[in-house]
Each structure stands twice: as structure tokens, then as C-alpha cells.
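*Asks:* Dropping a structure here in C-alpha cells format, bear with me for questions.
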Amino acid sequence: MSKNHKKQLRIWENQRAIRLERLTRKVSISSDVLMKSAKIRWIGRCYVKIENCVGLLHYSNDNINILTKEGSLLVRGKNLEIKCFSDVELCIEGQIQGIEYME
């Protein structure tokens, strides 16, 4: 990739970020939704809601491995159950012990 092409790509990415920021202000949508970044809500020790996940990699009572745009996300715990799974969100209930991004 030439230097000129890399420079043009950086300019385009900066312009895109600026446009997304302006759009989120106008329509009151958070930028993580528009950028398709994972949004994680952890409520107490028994409920997690993950929005914008790409897919499910592994599911057991102790571990749920979720694919996100940023990488693999591991939810650890006991008696974990997937309560809802759609193209918009994934809801997990159980005794949640931790959440971490895997490399």
C-alpha cells in the first residue's frame, strides 16, 4: 500500500468518525450502536446483556464465548443460561464471575 493511499485512508476514516459523531448528536443514538461496537450491560452478579455481538463461539454452563467486532468476549460463571439471542442482543443469566476479552 502506497503512502498516498494510506494517507487517503486515514483522512477517510477521520471524516467518517466526524460524520458519525454529528449523526449521533442529531438522532440521539450512541456512537457504539452506529459503529457496531459491543455494548455490555452487567447488572449485579446475575445478568449480562450484550448488544451488537456477531456470533456465539462456545456455550456451556460455566463459559459463554461470544464473537464481537473487537474480538472474542468470554463470560465466566456458574449455571449460565442464554435467555435471549437475536441479531441485536444476547442476554445471559446465572452466577456471573467475570467478563473478559480474549486475545
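Ligands are numbered from 1 in the order shown, chains are lettered A, B, ... in the order of the C-alpha cells, and residues start at 1 in each chain.
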Near segment 39-48 of chain A, counting only C-alpha atoms, which residues have an atom at most 7 Å away, once you skip same-chain residues fewer than 4 positions from it, shown as a PyMOL selection string?

*Replies:* chain A and resi 32+52+91-96

*Asks:* Could you check how far atom CA of Glu89 of chain A sits from atom CA of Ala17 of chain A, in Å to one decimal?

*Replies:*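 About the pair atom CA of Glu89 of chain A and atom CA of Ala17 of chain A: they are 24.0 Å apart.
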
*Asks:* Mind pulling up the distance from atom CA of Ala38 of chain A to atom CA of Ile11 of chain A?

*Replies:* 24.9 Å

*Asks:* Per DSSP on the backbone, filter chain A down to the residues in strand (DSSP E or B) and report them as a PyMOL selection string.

*Replies:* chain A and resi 39-43+47-51+55-59+63-68+71-85+89-102

*Asks:* In terms of the shortest atom-to-atom distance over only C-alpha atoms, which of A:Leu90, A:Asn14, A:Ser2, A:Leu20 is closest to Asn65 of chain A?

*Replies:*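 Once distances to Asn65 of chain A are computed over only C-alpha atoms, the minimum belongs to A:Leu90.
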
*Asks:* Quick one: of A:His58, A:Ile64, A:Asn4, A:Glu100, who's nearest to Gly77 of chain A, counting only C-alpha atoms?

*Replies:*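 Looking at the shortest contact to Gly77 of chain A, the residue is A:Ile64.
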
*Asks:* Go ahead and compute the interatomic distance for atom CA of Cys84 of chain A and atom CA of Ile66 of chain A, in Å to one decimal.

*Replies:*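 Going from atom CA of Cys84 of chain A over to atom CA of Ile66 of chain A, I get 13.5 Å.
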
*Asks:* Could you tell me, as an NGL selection string, which residues of chain A DSSP assigns to alpha helix (DSSP H) when given the backbone?

*Replies:* :A and (3-27 or 31-34)

*Asks:* Under the rule that only C-alpha atoms are counted, which of A:Asn61, A:Gln97, A:Gln15, A:Thr68 is the nearest residue to Leu80 of chain A?

*Replies:*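 Ranked by minimum distance to Leu80 of chain A, first place goes to A:Asn61.
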
*Asks:* So, with only C-alpha atoms as the atoms that count, which of A:Gln8, A:Lys36, A:Lys78, A:Asp87 lies closest to Leu56 of chain A?

*Replies:*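 Of A:Gln8, A:Lys36, A:Lys78, A:Asp87, the one nearest Leu56 of chain A is A:Asp87, counting only C-alpha atoms.
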